[in-house]
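Peer 1: Pasting a structure below so you can have a look.
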Amino acid sequence: VWCVQDVIDLARPKGRSILTQFAKVAGSLFLCILITHYLHELGHALTAVALGYEVSMTSNVVRPIAGAYQSELHSNLISLAGPLVTIFIATAAFILRLKLKFLAPIILWNTLTMRLLAAIVSLRNPNDEAAVSANLGLGDWTLPAIVCVFLLTLFVITARQRRLSVWWYLSAWVGMSAGYSLVVLGEDWLPKLTL
């Protein structure tokens, strides 16, 4: 029978104070969210530019300046570009997880939660994978499910290897809450680009 102290000892990070780990994970995840969101949106934007569109880009959305994309094919390619960048980032972090050390699970958690949140948003307004999945006649949830299961698999493998503690998940939740709040609610104050 476990006592409370055994549970606390099991959850406590080894070799570091709880506060140090908490700040390191939360702060790193916060920065990772900002960087990854801009790279994701840059994937959309650069694809749109390659297809001949002028676009405006914020931390959370890319819009054509002229109003709409000329075809469903263009719309699909532009919509897929962001998630493909995110999948590339996650795959690279997974492959390099031994070199990235503590950053690998942070990057993988971020990419997973990013696509899970996009799937949740798609309940009201299908975006990215959900929009393309619907346009291709696969239903709204086929591509989002494939992407989320792939990213979850990478994260779970890495989390098991790193033996992440309860404190890691709590600090990730704080960093994630702050990062996504800034990306979504602070979109008007973050840098915007026109390409």
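Following the order of the structure tokens, first chain is A, next is B, and so on, with residues numbered from 1 inside each chain and ligands from 1 in the order they appear.
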Segment 130-184 of chain A near segment 105-122 of chain A within 9 Å: what's each residue's closest atom pair and its distance in Å to one decimal, counting only C-alpha atoms, ordered by chain then ascending residue number, as JSON lines?

Peer 2:
```
{"residue": "A:Ala130", "atom": "CA", "partner": "A:Ser122", "partner_atom": "CA", "distance": 6.5}
{"residue": "A:Ala131", "atom": "CA", "partner": "A:Ser122", "partner_atom": "CA", "distance": 8.2}
{"residue": "A:Asp140", "atom": "CA", "partner": "A:Ser122", "partner_atom": "CA", "distance": 8.3}
{"residue": "A:Trp141", "atom": "CA", "partner": "A:Ala119", "partner_atom": "CA", "distance": 8.1}
{"residue": "A:Pro144", "atom": "CA", "partner": "A:Ala119", "partner_atom": "CA", "distance": 6.3}
{"residue": "A:Ala145", "atom": "CA", "partner": "A:Ala119", "partner_atom": "CA", "distance": 8.4}
{"residue": "A:Val147", "atom": "CA", "partner": "A:Arg115", "partner_atom": "CA", "distance": 7.5}
{"residue": "A:Cys148", "atom": "CA", "partner": "A:Arg115", "partner_atom": "CA", "distance": 6.4}
{"residue": "A:Val149", "atom": "CA", "partner": "A:Leu112", "partner_atom": "CA", "distance": 8.8}
{"residue": "A:Phe150", "atom": "CA", "partner": "A:Leu112", "partner_atom": "CA", "distance": 8.8}
{"residue": "A:Leu151", "atom": "CA", "partner": "A:Leu112", "partner_atom": "CA", "distance": 5.3}
{"residue": "A:Leu152", "atom": "CA", "partner": "A:Leu112", "partner_atom": "CA", "distance": 6.2}
{"residue": "A:Leu154", "atom": "CA", "partner": "A:Leu108", "partner_atom": "CA", "distance": 7.1}
{"residue": "A:Phe155", "atom": "CA", "partner": "A:Leu108", "partner_atom": "CA", "distance": 5.4}
{"residue": "A:Val156", "atom": "CA", "partner": "A:Pro105", "partner_atom": "CA", "distance": 8.9}
{"residue": "A:Thr158", "atom": "CA", "partner": "A:Pro105", "partner_atom": "CA", "distance": 6.2}
{"residue": "A:Ala159", "atom": "CA", "partner": "A:Pro105", "partner_atom": "CA", "distance": 6.3}
{"residue": "A:Arg162", "atom": "CA", "partner": "A:Pro105", "partner_atom": "CA", "distance": 8.0}
{"residue": "A:Leu164", "atom": "CA", "partner": "A:Pro105", "partner_atom": "CA", "distance": 8.7}
{"residue": "A:Ala172", "atom": "CA", "partner": "A:Ile106", "partner_atom": "CA", "distance": 7.7}
{"residue": "A:Met176", "atom": "CA", "partner": "A:Asn110", "partner_atom": "CA", "distance": 7.6}
{"residue": "A:Tyr180", "atom": "CA", "partner": "A:Met114", "partner_atom": "CA", "distance": 8.8}
```

Peer 1: Please, could you write that set of residues out with N, CA, C and O atoms as a short mmCIF file (atom, residue, chain, number, x, y, z; two decimals), in the first residue's frame?

Peer 2:
```
data_model
loop_
_atom_site.label_atom_id
_atom_site.label_comp_id
_atom_site.auth_asym_id
_atom_site.auth_seq_id
_atom_site.Cartn_x
_atom_site.Cartn_y
_atom_site.Cartn_z
N ALA A 130 -9.08 19.02 -41.24
CA ALA A 130 -10.52 18.72 -41.29
C ALA A 130 -11.14 19.24 -42.58
O ALA A 130 -11.96 18.56 -43.20
N ALA A 131 -10.76 20.44 -42.99
CA ALA A 131 -11.30 21.02 -44.23
C ALA A 131 -10.87 20.19 -45.43
O ALA A 131 -11.68 19.89 -46.32
N ASP A 140 -15.02 14.66 -42.12
CA ASP A 140 -14.30 15.71 -41.40
C ASP A 140 -13.16 15.19 -40.52
O ASP A 140 -12.23 15.93 -40.22
N TRP A 141 -13.24 13.93 -40.08
CA TRP A 141 -12.33 13.49 -39.01
C TRP A 141 -11.23 12.54 -39.44
O TRP A 141 -10.36 12.21 -38.63
N PRO A 144 -7.64 14.58 -39.53
CA PRO A 144 -7.27 14.99 -38.17
C PRO A 144 -6.96 13.80 -37.26
O PRO A 144 -6.01 13.85 -36.47
N ALA A 145 -7.72 12.72 -37.38
CA ALA A 145 -7.47 11.54 -36.55
C ALA A 145 -6.12 10.91 -36.87
O ALA A 145 -5.36 10.55 -35.96
N VAL A 147 -3.45 12.37 -38.16
CA VAL A 147 -2.39 13.27 -37.67
C VAL A 147 -2.26 13.18 -36.16
O VAL A 147 -1.16 13.03 -35.62
N CYS A 148 -3.38 13.23 -35.45
CA CYS A 148 -3.34 13.21 -33.98
C CYS A 148 -2.82 11.88 -33.44
O CYS A 148 -2.03 11.86 -32.50
N VAL A 149 -3.21 10.76 -34.05
CA VAL A 149 -2.72 9.46 -33.61
C VAL A 149 -1.22 9.35 -33.86
O VAL A 149 -0.46 8.84 -33.01
N PHE A 150 -0.75 9.83 -35.01
CA PHE A 150 0.69 9.81 -35.31
C PHE A 150 1.46 10.62 -34.28
O PHE A 150 2.45 10.14 -33.70
N LEU A 151 1.01 11.85 -34.00
CA LEU A 151 1.70 12.71 -33.04
C LEU A 151 1.62 12.16 -31.62
O LEU A 151 2.60 12.24 -30.86
N LEU A 152 0.49 11.58 -31.27
CA LEU A 152 0.34 10.96 -29.95
C LEU A 152 1.32 9.80 -29.80
O LEU A 152 1.95 9.64 -28.74
N LEU A 154 4.26 9.38 -31.26
CA LEU A 154 5.61 9.92 -31.06
C LEU A 154 5.79 10.43 -29.63
O LEU A 154 6.82 10.20 -29.00
N PHE A 155 4.77 11.14 -29.14
CA PHE A 155 4.87 11.69 -27.78
C PHE A 155 4.91 10.58 -26.74
O PHE A 155 5.73 10.62 -25.82
N VAL A 156 4.04 9.60 -26.84
CA VAL A 156 3.98 8.53 -25.84
C VAL A 156 5.31 7.76 -25.78
O VAL A 156 5.82 7.48 -24.70
N THR A 158 8.27 8.89 -26.54
CA THR A 158 9.25 9.78 -25.92
C THR A 158 8.98 9.97 -24.44
O THR A 158 9.91 9.95 -23.62
N ALA A 159 7.72 10.14 -24.06
CA ALA A 159 7.36 10.33 -22.66
C ALA A 159 7.75 9.11 -21.82
O ALA A 159 8.25 9.26 -20.70
N ARG A 162 11.53 9.10 -21.41
CA ARG A 162 12.00 10.16 -20.50
C ARG A 162 11.43 10.01 -19.09
O ARG A 162 11.87 10.69 -18.19
N LEU A 164 8.49 10.92 -17.77
CA LEU A 164 8.02 12.23 -17.35
C LEU A 164 7.21 12.14 -16.06
O LEU A 164 6.38 11.24 -15.91
N ALA A 172 3.80 21.60 -17.94
CA ALA A 172 3.43 21.67 -19.35
C ALA A 172 2.06 22.31 -19.50
O ALA A 172 1.82 23.11 -20.41
N MET A 176 1.51 25.57 -21.59
CA MET A 176 0.58 25.46 -22.70
C MET A 176 -0.55 26.48 -22.56
O MET A 176 -0.91 27.15 -23.53
N TYR A 180 -0.87 29.26 -25.50
CA TYR A 180 -2.04 29.30 -26.37
C TYR A 180 -2.91 30.52 -26.09
O TYR A 180 -3.54 31.04 -27.01
#
```

Peer 1: Taking a cut-off of 6 Å and counting only C-alpha atoms, can you build a table that, for each residue of segment 71-189 of chain A near segment 20-42 of chain A, reports the nearest atom pair and how far apart they are in Å (one decimal), sorted by chain then residue number, as CSV?

Peer 2:
```
residue,atom,partner,partner_atom,distance
A:Gly82,CA,A:His40,CA,4.4
A:Val85,CA,A:His40,CA,5.7
A:Thr86,CA,A:His40,CA,5.9
A:Ile106,CA,A:Leu29,CA,5.8
A:Ser171,CA,A:Phe22,CA,4.9
A:Ala172,CA,A:Ala26,CA,5.3
A:Val174,CA,A:Ala26,CA,5.9
A:Gly175,CA,A:Ala26,CA,3.9
A:Gly179,CA,A:Phe30,CA,4.5
```

Peer 1: Please dump the current selection as a PDB file, in the first residue's frame; keep C-alpha atoms.

Peer 2:
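Below you can see again25.pdb, which holds the result:
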```
ATOM      1  CA  GLY A  82       0.775  24.121 -42.057  1.00  0.00           C
ATOM      2  CA  VAL A  85       5.288  21.688 -41.221  1.00  0.00           C
ATOM      3  CA  THR A  86       4.033  20.716 -37.763  1.00  0.00           C
ATOM      4  CA  ILE A 106       8.197  19.646 -25.048  1.00  0.00           C
ATOM      5  CA  SER A 171       4.257  22.565 -15.735  1.00  0.00           C
ATOM      6  CA  ALA A 172       3.431  21.674 -19.350  1.00  0.00           C
ATOM      7  CA  VAL A 174       0.838  25.993 -17.292  1.00  0.00           C
ATOM      8  CA  GLY A 175       3.174  26.689 -20.222  1.00  0.00           C
ATOM      9  CA  GLY A 179       1.303  30.038 -24.751  1.00  0.00           C
TER      10      GLY A 179
END
```

Peer 1: If you run DSSP over the backbone, which residues in chain A end up alpha helix (DSSP H)? Put them as a VMD selection string.

Peer 2: chain A and resid 4 to 11 18 to 50 72 to 95 97 to 100 103 to 121 128 to 135 142 to 162 166 to 185

Peer 1: What's the separation between atom CA of Ser79 of chain A and atom CA of Asp128 of chain A, in Å to one decimal place?

Peer 2: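 Atom-to-atom, atom CA of Ser79 of chain A and atom CA of Asp128 of chain A are spaced 4.6 Å apart.
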
Peer 1: Looking only at the backbone, which of the residues in segment 2-193 of chain A does DSSP tag as strand (DSSP E or B), as an NGL selection string?

Peer 2: :A and (55-57 or 62-64 or 193)

Peer 1: Identify which of the residues A:Leu103, A:Leu143, A:Ile18, A:Val184 lies closest to Val61 of chain A, counting only C-alpha atoms when measuring atom-to-atom distances.

Peer 2: A:Val184

Peer 1: Mind giving me the straight-line distance from atom CA of Arg124 of chain A to atom CA of Gly137 of chain A in Å, one decimal?

Peer 2: 18.2 Å

Peer 1: Which one is closest to Ile146 of chain A: A:Pro83, A:Thr47, A:Arg160, A:Ser75? Count only C-alpha atoms.

Peer 2: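 The closest residue to Ile146 of chain A is A:Pro83.
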
Peer 1: When you draw a straight line from atom CA of Leu195 of chain A to atom CA of Ala66 of chain A, how long is it in Å?

Peer 2: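 Spanning atom CA of Leu195 of chain A to atom CA of Ala66 of chain A is a straight-line distance of 12.3 Å.
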
Peer 1: Could you build a table of the residues in segment 65-168 of chain A lying no more than 9 Å from segment 51-60 of chain A, giving for each the nearest pair of atoms and their separation in Å rounded to one decimal place, using only C-alpha atoms, ordered by chain and ascending residue number, as JSON lines?

Peer 2:
```
{"residue": "A:Ile65", "atom": "CA", "partner": "A:Val55", "partner_atom": "CA", "distance": 5.1}
{"residue": "A:Ala66", "atom": "CA", "partner": "A:Glu54", "partner_atom": "CA", "distance": 7.3}
{"residue": "A:Tyr69", "atom": "CA", "partner": "A:Tyr53", "partner_atom": "CA", "distance": 7.8}
{"residue": "A:His74", "atom": "CA", "partner": "A:Leu51", "partner_atom": "CA", "distance": 7.3}
{"residue": "A:Ile78", "atom": "CA", "partner": "A:Leu51", "partner_atom": "CA", "distance": 8.8}
```
